[in-house]
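Only one structure is covered here, and it is reproduced in the block below.
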Amino acid sequence: MTKFIDGNKIDGLPVICALDVKELDAGEHKFWFRAATDALAQWQHLPVWVFKGKEAGKHIVVTAGVHGDEYNGVLAAQAIARGLRGKALNGSITIVPTINLSGMLHHSRDFFSSDPDVSCGNLNRHFPGNANGNEPQRYLHSIWHNLLKPNAELAIDLHTQTSGTVYPLYVFADFRIADAVNMARLMNRMRFWTIQAKRVYWRRYGTRTAFQASPLKPVLAVTRTAKWWHVQWQVHSTFSPTTA
Ligand SMILES: [Zn+2]
């Protein structure tokens, strides 16, 4: 059930503390999701877009910014939302582009806890949260149970390079779920672009060895997190001779 905070709006948009996309009318919806309070007892709000079609279909959730310094995913989620405006679709897509608000404010991968006995840490390690746990667990409990899980038959969590690191291009997917497998295999299209980039690189810089050591080689991996079936897109954010 979608729960509105009566009379409470931010920038003209309704504030909610629970979302059920099945109840919404077809069309575009924007909300602020009330996640949890901070150390000053002020509510932290996540922006939420919902695009719902007139016809039945899969309910999909797109998230980004679980790691607060991974901005490519945030921008990608926003671009997806812009691309969906005015488009016909079946089912629904819920987009939450900024999961880790405190990390983003600090330009940090980690979630910044205000609990005096809890150090800052990787928010991704605290799903699905705990209503009676520490601050990151309480924060995630509300997001998981009232926003993400009820509206996701399939979910895409967008990541990219954390500051100062170099990863290969890869996707996590649970291969026991057909849709997840299909989506993961779409990464083969990315492999096409990788090959094209490789050709350009060889033409420009003339060394195969340098590219083979580069982070553009795609890797496919399988994983499962508790009760959360997901595809994770991890896309290398830069391509330059200095990263090869
Ligand atoms: Zn990440």
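A note on labels: chains of the structure tokens are A, B, ... as shown, every chain counts residues from 1, and ligands are counted from 1 in their shown order.
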>> Can you tell me, as a VMD selection string, which residues in range 82-181 of chain A count as alpha helix (DSSP H) by DSSP?
In response: chain A and resid 82 to 84 101 to 105 135 to 143 178 to 181
> So which residues are near ligand 1, meaning at most 8 Å away with only C-alpha atoms and all ligand atoms counted, given back as a PyMOL selection string?
Replying inline: chain A and resi 65-67+70+109+158-162+234
Just write the chosen residues, C-alpha atoms, as a PDB file, in the first residue's frame.
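Just written: selection_5.pdb:
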ATOM      1  CA  GLY A  65      24.285   5.357  -5.763  1.00  0.00           C
ATOM      2  CA  VAL A  66      24.507   2.548  -3.192  1.00  0.00           C
ATOM      3  CA  HIS A  67      28.150   3.580  -3.197  1.00  0.00           C
ATOM      4  CA  GLU A  70      29.804   6.065  -8.082  1.00  0.00           C
ATOM      5  CA  ARG A 109      31.753   5.182  -1.290  1.00  0.00           C
ATOM      6  CA  LEU A 158      23.951   0.275 -11.246  1.00  0.00           C
ATOM      7  CA  HIS A 159      27.551   0.610 -10.095  1.00  0.00           C
ATOM      8  CA  THR A 160      30.776   1.902 -11.524  1.00  0.00           C
ATOM      9  CA  GLN A 161      34.327   2.547 -10.420  1.00  0.00           C
ATOM     10  CA  THR A 162      34.850   3.543  -6.837  1.00  0.00           C
ATOM     11  CA  GLN A 234      29.469  -2.719 -13.427  1.00  0.00           C
TER      12      GLN A 234
END
> Got a sec to tell me which of range 10-228 of chain A DSSP assigns to strand (DSSP E or B), as number ranges by chain?
Replying inline: A: 10, 13-18, 27-37, 43-52, 55-64, 90-96, 111, 121, 154-159, 169-173, 218-222, 225, 228
>> From the options A:Ser163, A:Lys87, A:Ile143, A:Gly53, which residue's atoms come nearest to Asp110 in chain A, counting only C-alpha atoms?
In response: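 That would be A:Ser163, the residue with the smallest distance to Asp110 in chain A.
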> In terms of the shortest atom-to-atom distance over only C-alpha atoms, which of A:His141, A:Arg82, A:Arg176, A:Lys58 is closest to Glu153 in chain A?
Replying inline: A:Lys58
> Looking at A:Leu101, A:Val21, A:Ala77, A:Ile60, which one is nearest to Trp43 in chain A, with distances taken over only C-alpha atoms?
Replying inline: A:Leu101
> What separation in Å, quoted to one decimal, exists between CA of Ile80 in chain A and CA of Lys22 in chain A?
Replying inline: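 Computed distance, CA of Ile80 in chain A to CA of Lys22 in chain A, equals 20.8 Å.
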Contacts of Asn100 in chain A within 10 Å, only C-alpha atoms, excl. fewer than 4 positions in-chain, as a CSV table (one decimal) with N, CA and C atoms, in the first residue's frame:
chain,number,residue,atom,x,y,z
A,46,LEU,N,14.6,10.2,-0.4
A,46,LEU,CA,15.2,9.8,-1.6
A,46,LEU,C,14.2,10.1,-2.8
A,64,ALA,N,20.7,3.1,-8.0
A,64,ALA,CA,22.1,3.5,-8.2
A,64,ALA,C,22.5,4.3,-7.0
A,65,GLY,N,23.8,4.6,-6.9
A,65,GLY,CA,24.3,5.4,-5.8
A,65,GLY,C,24.3,4.6,-4.4
A,66,VAL,N,24.3,3.3,-4.5
A,66,VAL,CA,24.5,2.5,-3.2
A,66,VAL,C,25.9,2.9,-2.6
A,67,HIS,N,26.8,3.0,-3.6
A,67,HIS,CA,28.2,3.6,-3.2
A,67,HIS,C,28.2,5.1,-3.6
A,68,GLY,N,28.4,5.9,-2.6
A,68,GLY,CA,28.1,7.3,-2.8
A,68,GLY,C,29.0,8.1,-3.8
A,69,ASP,N,30.1,7.5,-4.2
A,69,ASP,CA,31.0,8.1,-5.1
A,69,ASP,C,30.9,7.5,-6.5
A,104,MET,N,26.9,10.2,-0.7
A,104,MET,CA,27.0,11.1,-1.9
A,104,MET,C,27.4,12.5,-1.4
A,105,LEU,N,26.8,12.9,-0.2
A,105,LEU,CA,27.1,14.3,0.3
A,105,LEU,C,28.6,14.4,0.6
A,108,SER,N,31.8,10.0,-1.1
A,108,SER,CA,32.4,8.8,-0.5
A,108,SER,C,31.7,7.6,-0.9
A,109,ARG,N,32.4,6.5,-1.1
A,109,ARG,CA,31.8,5.2,-1.3
A,109,ARG,C,30.9,4.8,-0.1
A,110,ASP,N,31.4,5.1,1.1
A,110,ASP,CA,30.8,4.6,2.3
A,110,ASP,C,29.5,5.4,2.8
A,111,PHE,N,28.7,4.8,3.5
A,111,PHE,CA,27.6,5.4,4.2
A,111,PHE,C,28.2,6.1,5.5
A,112,PHE,N,27.8,7.3,5.8
A,112,PHE,CA,28.3,8.0,7.0
A,112,PHE,C,27.2,7.9,8.1
A,122,ASN,N,30.5,0.2,4.2
A,122,ASN,CA,29.9,-0.1,2.9
A,122,ASN,C,28.4,-0.5,3.1
A,123,LEU,N,27.5,0.4,2.6
A,123,LEU,CA,26.1,0.2,2.7
A,123,LEU,C,25.6,-1.1,2.1
A,124,ASN,N,26.3,-1.5,1.1
A,124,ASN,CA,25.9,-2.8,0.4
A,124,ASN,C,26.0,-4.0,1.3
A,136,PRO,N,22.9,2.5,9.6
A,136,PRO,CA,22.8,2.0,8.2
A,136,PRO,C,21.7,0.9,8.1
A,139,TYR,N,18.3,2.5,8.3
A,139,TYR,CA,18.1,3.3,7.0
A,139,TYR,C,17.7,2.3,5.9
A,140,LEU,N,18.4,1.2,5.8
A,140,LEU,CA,18.1,0.3,4.7
A,140,LEU,C,16.8,-0.5,4.9
> With distances taken over only C-alpha atoms, which of A:Val15, A:Thr63, A:Phe31, A:Ser119 is nearest to Trp144 in chain A?
Replying inline: A:Thr63
> Could you state the separation of CA of Gln137 in chain A and CA of Ala76 in chain A in Å, given to one decimal place?
Replying inline: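 Value for the CA of Gln137 in chain A-CA of Ala76 in chain A distance: 26.2 Å.
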Please provide the set of residues having any atom within 12 Å of Glu23 in chain A, restricted to only C-alpha atoms, with same-chain residues fewer than 5 positions apart removed, written as a PDB file with N, CA and C atoms, in the first residue's frame.
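Contents of selection-v8.pdb, as written:
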ATOM      1  N   MET A   1       0.842  -1.194   0.000  1.00  0.00           N
ATOM      2  CA  MET A   1       0.000   0.000   0.000  1.00  0.00           C
ATOM      3  C   MET A   1       0.884   1.254   0.000  1.00  0.00           C
ATOM      4  N   THR A   2       0.583   2.161  -0.900  1.00  0.00           N
ATOM      5  CA  THR A   2       1.337   3.412  -0.934  1.00  0.00           C
ATOM      6  C   THR A   2       0.853   4.314   0.197  1.00  0.00           C
ATOM      7  N   LYS A   3       1.774   4.760   1.041  1.00  0.00           N
ATOM      8  CA  LYS A   3       1.404   5.593   2.190  1.00  0.00           C
ATOM      9  C   LYS A   3       1.960   7.005   1.989  1.00  0.00           C
ATOM     10  N   ALA A  18       5.909   4.569   1.984  1.00  0.00           N
ATOM     11  CA  ALA A  18       5.774   3.224   1.411  1.00  0.00           C
ATOM     12  C   ALA A  18       5.226   3.386  -0.001  1.00  0.00           C
ATOM     13  N   HIS A  29       5.045   9.192 -12.281  1.00  0.00           N
ATOM     14  CA  HIS A  29       4.871   9.663 -10.906  1.00  0.00           C
ATOM     15  C   HIS A  29       6.234  10.029 -10.335  1.00  0.00           C
ATOM     16  N   VAL A  50       8.421   6.820 -10.883  1.00  0.00           N
ATOM     17  CA  VAL A  50       7.725   5.600 -11.306  1.00  0.00           C
ATOM     18  C   VAL A  50       7.125   5.850 -12.687  1.00  0.00           C
ATOM     19  N   LYS A  52       4.636   3.895 -15.193  1.00  0.00           N
ATOM     20  CA  LYS A  52       3.742   2.736 -15.206  1.00  0.00           C
ATOM     21  C   LYS A  52       2.934   2.713 -16.498  1.00  0.00           C
ATOM     22  N   GLY A  91       3.747  -2.905 -17.646  1.00  0.00           N
ATOM     23  CA  GLY A  91       4.305  -3.059 -16.305  1.00  0.00           C
ATOM     24  C   GLY A  91       4.748  -1.720 -15.741  1.00  0.00           C
ATOM     25  N   SER A  92       5.819  -1.772 -14.943  1.00  0.00           N
ATOM     26  CA  SER A  92       6.282  -0.519 -14.328  1.00  0.00           C
ATOM     27  C   SER A  92       7.796  -0.539 -14.156  1.00  0.00           C
ATOM     28  N   PRO A 150       8.848  -4.543  -2.508  1.00  0.00           N
ATOM     29  CA  PRO A 150       7.456  -4.728  -2.930  1.00  0.00           C
ATOM     30  C   PRO A 150       7.223  -4.405  -4.410  1.00  0.00           C
ATOM     31  N   ASN A 151       8.162  -3.713  -5.028  1.00  0.00           N
ATOM     32  CA  ASN A 151       7.928  -3.229  -6.395  1.00  0.00           C
ATOM     33  C   ASN A 151       8.872  -3.836  -7.427  1.00  0.00           C
TER      34      ASN A 151
END
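The space separating CA of Ser113 in chain A from CA of Gln44 in chain A comes to 12.8 Å.
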> Pick the closest to Asn90 in chain A from A:Thr37, A:Gly133, A:Arg125, A:Ala26: which is it, counting only C-alpha atoms?
Replying inline: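 Going through A:Thr37, A:Gly133, A:Arg125, A:Ala26 one by one, the smallest distance to Asn90 in chain A is for A:Ala26.
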>> Set the distance at 7 Å and use only C-alpha atoms: which residues neighbour Phe33 in chain A once local chain neighbours fewer than 4 positions away are removed? I'd like the list as a PyMOL selection string.
In response: chain A and resi 15-17+45-48
>> If we count only C-alpha atoms and set the cut-off at 10 Å, which residues sit around Gly86 in chain A, ignoring sequence neighbours fewer than 4 positions away in its own chain? Please answer as a PyMOL selection string.
In response: chain A and resi 27-28+51+82
